[in-house]
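**Q** Encoded as structure tokens, here's the structure I'll be asking about.
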Amino acid sequence: MLRKVVVVLLCSCLSFSTLEVHAWPSQKSREEYEKQGHIIWEAKTDQPIMALTFDDGPDPTQTIAILNVLKKYGVKSTFFVLGRRVKQHPEIVKKVMADGHEIANHTFSHAYFNAGSTSSFIRQEIERTQLAVYEVTGVKPTLFRPPGGNYNDRIINTAHLLGLKSVMWSWHQDTKDWTHPGVHKICDKVLKNAHNGDIVLFHDYVPGKTQTVQALETILPELQKKGFRLVTVSDLIRQSGNQQKVNQPDNHRAKAKHVVK
Ligand SMILES: [Zn+2]
């Protein structure tokens, strides 16, 4: 009798875990997402163009300081905003737009999606931000960056169904400016690794004192001296003919931590 109970329990546990595995969203290789055109990490281009991106704003102090430096050097960038902050600082978003930059979606509450995140939760986080930006600017973003760069099929497909292309960043262009690594380190990261088609990750909101603004004062003129044109992510995609790096050796660097099963 006891044996029978144990067997029954074991079977039900097995079938339950199998069900769970099947319910988990899958994820494809970086190359497959690139071929599909649903995620971009960087653009394949022979032209000396790069896109600088700023996450987690808008912030009344840091975003404005960054806008001033960008204006000084005539640079256009892409700002991945949080819907929650758009509602708090609509005037900053208007200014970003008026200065000719691109506004993109970074979820409403900086939700770190994971394998357990449901489609409806993901959709809600994205749609609320689309709406918040639309109410302020009259334009809906076309690009989306999941917080932490977390992705799986469910996250990417949900964004795609809402008309958004997902944007990561060049792995060699993660400035980690939010960890306050020092102005010099931020500059070195970008300048020593600058390649055609790169997408660089900065933040226009970091807790505490930002080092990003001071770093930009060095990075922008140096990149321009090297001949790089700094454009929005949408312009980078357009100007590179929507080509992406596919099947090249240096594309096998996708880090496991960025993939959410
Ligand atoms: Zn973020």
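For the structure tokens, the naming scheme is as follows: chains receive sequential letters (A, B, ...) according to their order of presentation, residues are indexed from 1 within each chain, and ligands are indexed from 1 in presentation order.
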Name all residues at most 8 Å from range 56-61 of chain A (count only C-alpha atoms; drop same-chain ones fewer than 5 positions away) and give them as a PDB file with N, CA and C atoms, in the first residue's frame.

**A**
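Resulting contents of around_32.pdb:
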ATOM      1  N   PHE A  79      16.746  57.697 -25.935  1.00  0.00           N
ATOM      2  CA  PHE A  79      16.478  57.634 -24.490  1.00  0.00           C
ATOM      3  C   PHE A  79      15.433  56.563 -24.209  1.00  0.00           C
ATOM      4  N   PHE A  80      15.831  55.508 -23.484  1.00  0.00           N
ATOM      5  CA  PHE A  80      14.904  54.449 -23.108  1.00  0.00           C
ATOM      6  C   PHE A  80      14.286  54.826 -21.763  1.00  0.00           C
ATOM      7  N   VAL A  81      13.061  55.316 -21.820  1.00  0.00           N
ATOM      8  CA  VAL A  81      12.426  55.908 -20.633  1.00  0.00           C
ATOM      9  C   VAL A  81      11.547  54.916 -19.879  1.00  0.00           C
ATOM     10  N   LEU A  82      11.341  55.195 -18.606  1.00  0.00           N
ATOM     11  CA  LEU A  82      10.392  54.438 -17.785  1.00  0.00           C
ATOM     12  C   LEU A  82       9.068  55.192 -17.792  1.00  0.00           C
ATOM     13  N   ARG A  85       8.310  57.353 -14.794  1.00  0.00           N
ATOM     14  CA  ARG A  85       9.045  58.624 -14.722  1.00  0.00           C
ATOM     15  C   ARG A  85       8.543  59.623 -15.779  1.00  0.00           C
ATOM     16  N   VAL A  86       8.016  59.089 -16.880  1.00  0.00           N
ATOM     17  CA  VAL A  86       7.431  59.967 -17.903  1.00  0.00           C
ATOM     18  C   VAL A  86       6.251  60.713 -17.297  1.00  0.00           C
ATOM     19  N   HIS A  89       7.640  63.403 -14.942  1.00  0.00           N
ATOM     20  CA  HIS A  89       8.402  64.504 -15.551  1.00  0.00           C
ATOM     21  C   HIS A  89       8.077  64.667 -17.037  1.00  0.00           C
ATOM     22  N   ILE A  92      10.252  67.028 -19.195  1.00  0.00           N
ATOM     23  CA  ILE A  92      11.607  66.580 -19.591  1.00  0.00           C
ATOM     24  C   ILE A  92      11.508  65.769 -20.888  1.00  0.00           C
ATOM     25  N   VAL A  93      10.480  64.927 -20.948  1.00  0.00           N
ATOM     26  CA  VAL A  93      10.284  64.095 -22.145  1.00  0.00           C
ATOM     27  C   VAL A  93      10.029  64.985 -23.359  1.00  0.00           C
ATOM     28  N   HIS A 106      11.248  51.460 -21.991  1.00  0.00           N
ATOM     29  CA  HIS A 106      12.083  50.660 -21.073  1.00  0.00           C
ATOM     30  C   HIS A 106      11.217  50.111 -19.932  1.00  0.00           C
ATOM     31  N   HIS A 110      10.388  49.647 -14.551  1.00  0.00           N
ATOM     32  CA  HIS A 110      11.694  48.970 -14.583  1.00  0.00           C
ATOM     33  C   HIS A 110      11.544  47.530 -14.100  1.00  0.00           C
ATOM     34  N   HIS A 203      23.305  55.626 -18.758  1.00  0.00           N
ATOM     35  CA  HIS A 203      22.072  55.861 -17.998  1.00  0.00           C
ATOM     36  C   HIS A 203      21.897  57.353 -17.752  1.00  0.00           C
ATOM     37  N   ASP A 204      20.673  57.846 -17.948  1.00  0.00           N
ATOM     38  CA  ASP A 204      20.431  59.263 -17.633  1.00  0.00           C
ATOM     39  C   ASP A 204      19.726  59.394 -16.295  1.00  0.00           C
ATOM     40  N   TYR A 205      19.650  58.283 -15.579  1.00  0.00           N
ATOM     41  CA  TYR A 205      19.314  58.357 -14.152  1.00  0.00           C
ATOM     42  C   TYR A 205      20.142  57.303 -13.427  1.00  0.00           C
ATOM     43  N   VAL A 206      21.003  57.714 -12.519  1.00  0.00           N
ATOM     44  CA  VAL A 206      21.697  56.783 -11.626  1.00  0.00           C
ATOM     45  C   VAL A 206      21.522  57.336 -10.210  1.00  0.00           C
TER      46      VAL A 206
END

**Q** Skip Ser166 in chain A itself and residues of its chain fewer than 4 positions away, then list as number ranges by chain all residues within 10 Å of it, counting only C-alpha atoms.

**A** A: 33, 37-41, 104-106, 142-146, 149, 151, 155-157, 159-160

**Q** Please produce an output containing C-alpha atoms for each residue in the selection, written as a JSON list (two decimals), in the first residue's frame.

**A**
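Final output, saved to part.json:
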[["chain", "number", "residue", "atom", "x", "y", "z"],
["A", 33, "TYR", "CA", 16.78, 36.65, -33.09],
["A", 37, "GLY", "CA", 15.02, 41.03, -36.91],
["A", 38, "HIS", "CA", 13.34, 41.03, -33.50],
["A", 39, "ILE", "CA", 16.45, 41.98, -31.49],
["A", 40, "ILE", "CA", 19.42, 44.14, -32.38],
["A", 41, "TRP", "CA", 22.67, 44.28, -30.40],
["A", 104, "ALA", "CA", 12.11, 54.49, -26.60],
["A", 105, "ASN", "CA", 10.36, 52.14, -24.16],
["A", 106, "HIS", "CA", 12.08, 50.66, -21.07],
["A", 142, "THR", "CA", 9.09, 51.81, -31.90],
["A", 143, "LEU", "CA", 12.01, 50.48, -29.87],
["A", 144, "PHE", "CA", 12.03, 48.56, -26.60],
["A", 145, "ARG", "CA", 14.80, 47.60, -24.18],
["A", 146, "PRO", "CA", 13.95, 45.13, -21.42],
["A", 149, "GLY", "CA", 18.72, 43.09, -21.02],
["A", 151, "TYR", "CA", 15.02, 38.30, -22.82],
["A", 155, "ILE", "CA", 9.28, 38.96, -23.79],
["A", 156, "ILE", "CA", 10.50, 39.51, -27.33],
["A", 157, "ASN", "CA", 7.33, 38.23, -29.01],
["A", 159, "ALA", "CA", 7.14, 43.45, -27.70],
["A", 160, "HIS", "CA", 7.05, 42.46, -31.39]]

**Q** In Å to one decimal, how far is CA of Gln124 in chain A from CA of Leu236 in chain A?

**A** 28.2 Å

**Q** Using only C-alpha atoms and all ligand atoms, which of A:Lys28, A:Lys176, A:Lys226, A:Lys189 sits nearest ligand 1?

**A**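 Once distances to ligand 1 are computed over only C-alpha atoms and all ligand atoms, the minimum belongs to A:Lys176.
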
**Q** Per DSSP on the backbone, what are the helix (DSSP H, G or I) residues of range 79-200 of chain A, as an NGL selection string?

**A** :A and (83-88 or 90-98 or 119-137 or 147-149 or 153-161 or 171-173 or 177-179 or 183-192)

**Q** Output C-alpha atoms for every residue in the selection just made, as a PDB file, in the first residue's frame.

**A**
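Final output, part_24.pdb:
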ATOM      1  CA  GLY A  83       6.660  55.122 -18.125  1.00  0.00           C
ATOM      2  CA  ARG A  84       6.447  55.856 -14.395  1.00  0.00           C
ATOM      3  CA  ARG A  85       9.045  58.624 -14.722  1.00  0.00           C
ATOM      4  CA  VAL A  86       7.431  59.967 -17.903  1.00  0.00           C
ATOM      5  CA  LYS A  87       4.292  60.603 -15.868  1.00  0.00           C
ATOM      6  CA  GLN A  88       6.354  62.345 -13.155  1.00  0.00           C
ATOM      7  CA  PRO A  90       6.437  65.044 -18.773  1.00  0.00           C
ATOM      8  CA  GLU A  91       8.218  68.357 -19.446  1.00  0.00           C
ATOM      9  CA  ILE A  92      11.607  66.580 -19.591  1.00  0.00           C
ATOM     10  CA  VAL A  93      10.284  64.095 -22.145  1.00  0.00           C
ATOM     11  CA  LYS A  94       8.956  66.976 -24.248  1.00  0.00           C
ATOM     12  CA  LYS A  95      12.391  68.603 -24.135  1.00  0.00           C
ATOM     13  CA  VAL A  96      14.160  65.374 -25.146  1.00  0.00           C
ATOM     14  CA  MET A  97      11.822  65.159 -28.134  1.00  0.00           C
ATOM     15  CA  ALA A  98      12.099  68.868 -28.980  1.00  0.00           C
ATOM     16  CA  SER A 119       2.498  37.799 -21.299  1.00  0.00           C
ATOM     17  CA  SER A 120      -0.183  40.021 -19.796  1.00  0.00           C
ATOM     18  CA  PHE A 121       2.244  41.499 -17.242  1.00  0.00           C
ATOM     19  CA  ILE A 122       4.860  42.129 -19.945  1.00  0.00           C
ATOM     20  CA  ARG A 123       2.222  43.635 -22.248  1.00  0.00           C
ATOM     21  CA  GLN A 124       0.923  45.868 -19.477  1.00  0.00           C
ATOM     22  CA  GLU A 125       4.404  47.211 -18.622  1.00  0.00           C
ATOM     23  CA  ILE A 126       5.084  47.991 -22.284  1.00  0.00           C
ATOM     24  CA  GLU A 127       1.648  49.377 -23.191  1.00  0.00           C
ATOM     25  CA  ARG A 128       1.415  51.697 -20.176  1.00  0.00           C
ATOM     26  CA  THR A 129       4.722  53.237 -21.213  1.00  0.00           C
ATOM     27  CA  GLN A 130       3.661  53.516 -24.868  1.00  0.00           C
ATOM     28  CA  LEU A 131       0.570  55.366 -23.710  1.00  0.00           C
ATOM     29  CA  ALA A 132       2.464  57.626 -21.268  1.00  0.00           C
ATOM     30  CA  VAL A 133       4.900  58.684 -24.021  1.00  0.00           C
ATOM     31  CA  TYR A 134       2.090  59.136 -26.545  1.00  0.00           C
ATOM     32  CA  GLU A 135       0.114  61.353 -24.170  1.00  0.00           C
ATOM     33  CA  VAL A 136       3.112  63.643 -23.762  1.00  0.00           C
ATOM     34  CA  THR A 137       4.640  63.645 -27.243  1.00  0.00           C
ATOM     35  CA  PRO A 147      15.510  46.089 -18.053  1.00  0.00           C
ATOM     36  CA  GLY A 148      18.697  44.173 -17.384  1.00  0.00           C
ATOM     37  CA  GLY A 149      18.717  43.087 -21.020  1.00  0.00           C
ATOM     38  CA  ASP A 153      10.648  34.339 -26.558  1.00  0.00           C
ATOM     39  CA  ARG A 154       7.711  35.547 -24.477  1.00  0.00           C
ATOM     40  CA  ILE A 155       9.276  38.960 -23.786  1.00  0.00           C
ATOM     41  CA  ILE A 156      10.505  39.512 -27.332  1.00  0.00           C
ATOM     42  CA  ASN A 157       7.327  38.233 -29.014  1.00  0.00           C
ATOM     43  CA  THR A 158       5.119  40.366 -26.788  1.00  0.00           C
ATOM     44  CA  ALA A 159       7.142  43.454 -27.701  1.00  0.00           C
ATOM     45  CA  HIS A 160       7.050  42.465 -31.387  1.00  0.00           C
ATOM     46  CA  LEU A 161       3.267  42.012 -31.355  1.00  0.00           C
ATOM     47  CA  TRP A 171      28.528  43.813 -25.156  1.00  0.00           C
ATOM     48  CA  HIS A 172      31.852  45.676 -25.425  1.00  0.00           C
ATOM     49  CA  GLN A 173      30.036  48.994 -24.917  1.00  0.00           C
ATOM     50  CA  ASP A 177      28.064  54.065 -15.458  1.00  0.00           C
ATOM     51  CA  TRP A 178      25.378  53.284 -12.849  1.00  0.00           C
ATOM     52  CA  THR A 179      28.084  51.644 -10.655  1.00  0.00           C
ATOM     53  CA  VAL A 183      34.868  59.071 -15.323  1.00  0.00           C
ATOM     54  CA  HIS A 184      38.142  57.767 -16.742  1.00  0.00           C
ATOM     55  CA  LYS A 185      36.879  54.156 -16.867  1.00  0.00           C
ATOM     56  CA  ILE A 186      33.653  55.164 -18.623  1.00  0.00           C
ATOM     57  CA  CYS A 187      35.643  57.104 -21.228  1.00  0.00           C
ATOM     58  CA  ASP A 188      38.120  54.251 -21.764  1.00  0.00           C
ATOM     59  CA  LYS A 189      35.343  51.696 -22.179  1.00  0.00           C
ATOM     60  CA  VAL A 190      33.744  53.624 -25.033  1.00  0.00           C
ATOM     61  CA  LEU A 191      36.805  55.107 -26.734  1.00  0.00           C
ATOM     62  CA  LYS A 192      39.015  51.997 -26.711  1.00  0.00           C
TER      63      LYS A 192
END

**Q** Under the rule that only C-alpha atoms are counted, which of A:Pro141, A:Gly197, A:Pro25, A:Gly74 is the nearest residue to Thr107 in chain A?

**A**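 Smallest separation from Thr107 in chain A among the options: A:Pro141.
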
**Q** Let me make sure I understand: among A:Ser26, A:Val233, A:Asp46, A:His180, which one has the smallest atom-to-atom distance to Lys209 in chain A if we use only C-alpha atoms?

**A**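 Checking each candidate against Lys209 in chain A, we get A:His180 as the closest.
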
**Q** Which residue is closest to ligand 1? Choose from A:Lys140, A:Leu67, A:Phe202, A:Ser117 and count only C-alpha atoms and all ligand atoms.

**A**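 Among the listed residues, the smallest separation from ligand 1 belongs to A:Phe202.
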
**Q** So the first atom is CA of Leu223 in chain A and the second is CA of Arg30 in chain A; what is the distance between them in Å, to one decimal place?

**A**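 Between these atoms lies a distance of 27.9 Å.
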
**Q** Which residue out of A:Asn150, A:Thr212, A:Thr232, A:Thr218 has the minimum interatomic distance to ligand 1 when only C-alpha atoms and all ligand atoms are used?

**A**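 When distances to ligand 1 are compared using only C-alpha atoms and all ligand atoms, the smallest one comes from A:Asn150.
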
**Q** My list of candidates is A:Thr175, A:Gln239, A:Thr78, A:Thr210. Which is closest to Thr53 in chain A when distances are computed with only C-alpha atoms?

**A**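 For Thr53 in chain A, the nearest of the candidates is A:Thr78.
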
**Q** Give me, as a list in words, all polymer residues having an atom no more than 8 Å from Pro48 in chain A, counting only C-alpha atoms and skipping those fewer than 2 positions away in the same chain.

**A**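 Everything that qualifies: Thr45, Asp46, Met50, His195, Asn196, Gly197, Gly227, Phe228 and Arg229 of chain A.
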
**Q** Store the residues picked out above, limited to N, CA and C atoms, as a PDB file, in the first residue's frame.

**A**
ATOM      1  N   THR A  45      27.741  47.654 -40.363  1.00  0.00           N
ATOM      2  CA  THR A  45      27.875  48.757 -41.312  1.00  0.00           C
ATOM      3  C   THR A  45      29.342  49.112 -41.519  1.00  0.00           C
ATOM      4  N   ASP A  46      29.636  49.552 -42.726  1.00  0.00           N
ATOM      5  CA  ASP A  46      31.004  50.001 -43.019  1.00  0.00           C
ATOM      6  C   ASP A  46      31.151  51.473 -42.678  1.00  0.00           C
ATOM      7  N   MET A  50      27.659  55.389 -34.871  1.00  0.00           N
ATOM      8  CA  MET A  50      27.386  54.702 -33.612  1.00  0.00           C
ATOM      9  C   MET A  50      26.132  55.315 -32.993  1.00  0.00           C
ATOM     10  N   HIS A 195      33.578  50.832 -32.417  1.00  0.00           N
ATOM     11  CA  HIS A 195      33.518  50.198 -33.742  1.00  0.00           C
ATOM     12  C   HIS A 195      32.312  50.743 -34.502  1.00  0.00           C
ATOM     13  N   ASN A 196      32.394  50.670 -35.827  1.00  0.00           N
ATOM     14  CA  ASN A 196      31.242  51.049 -36.657  1.00  0.00           C
ATOM     15  C   ASN A 196      30.018  50.245 -36.224  1.00  0.00           C
ATOM     16  N   GLY A 197      28.891  50.927 -36.058  1.00  0.00           N
ATOM     17  CA  GLY A 197      27.636  50.222 -35.771  1.00  0.00           C
ATOM     18  C   GLY A 197      27.380  49.938 -34.305  1.00  0.00           C
ATOM     19  N   GLY A 227      36.088  60.492 -36.308  1.00  0.00           N
ATOM     20  CA  GLY A 227      35.275  60.440 -37.530  1.00  0.00           C
ATOM     21  C   GLY A 227      33.913  59.801 -37.359  1.00  0.00           C
ATOM     22  N   PHE A 228      33.541  59.448 -36.129  1.00  0.00           N
ATOM     23  CA  PHE A 228      32.232  58.813 -35.917  1.00  0.00           C
ATOM     24  C   PHE A 228      31.103  59.837 -35.934  1.00  0.00           C
ATOM     25  N   ARG A 229      29.981  59.442 -36.583  1.00  0.00           N
ATOM     26  CA  ARG A 229      28.746  60.217 -36.479  1.00  0.00           C
ATOM     27  C   ARG A 229      27.885  59.512 -35.440  1.00  0.00           C
TER      28      ARG A 229
END

**Q** At what distance in Å, to one decimal, does CA of Gly116 in chain A lie from CA of Met168 in chain A?

**A**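 Distance reported for this atom pair: 20.9 Å.
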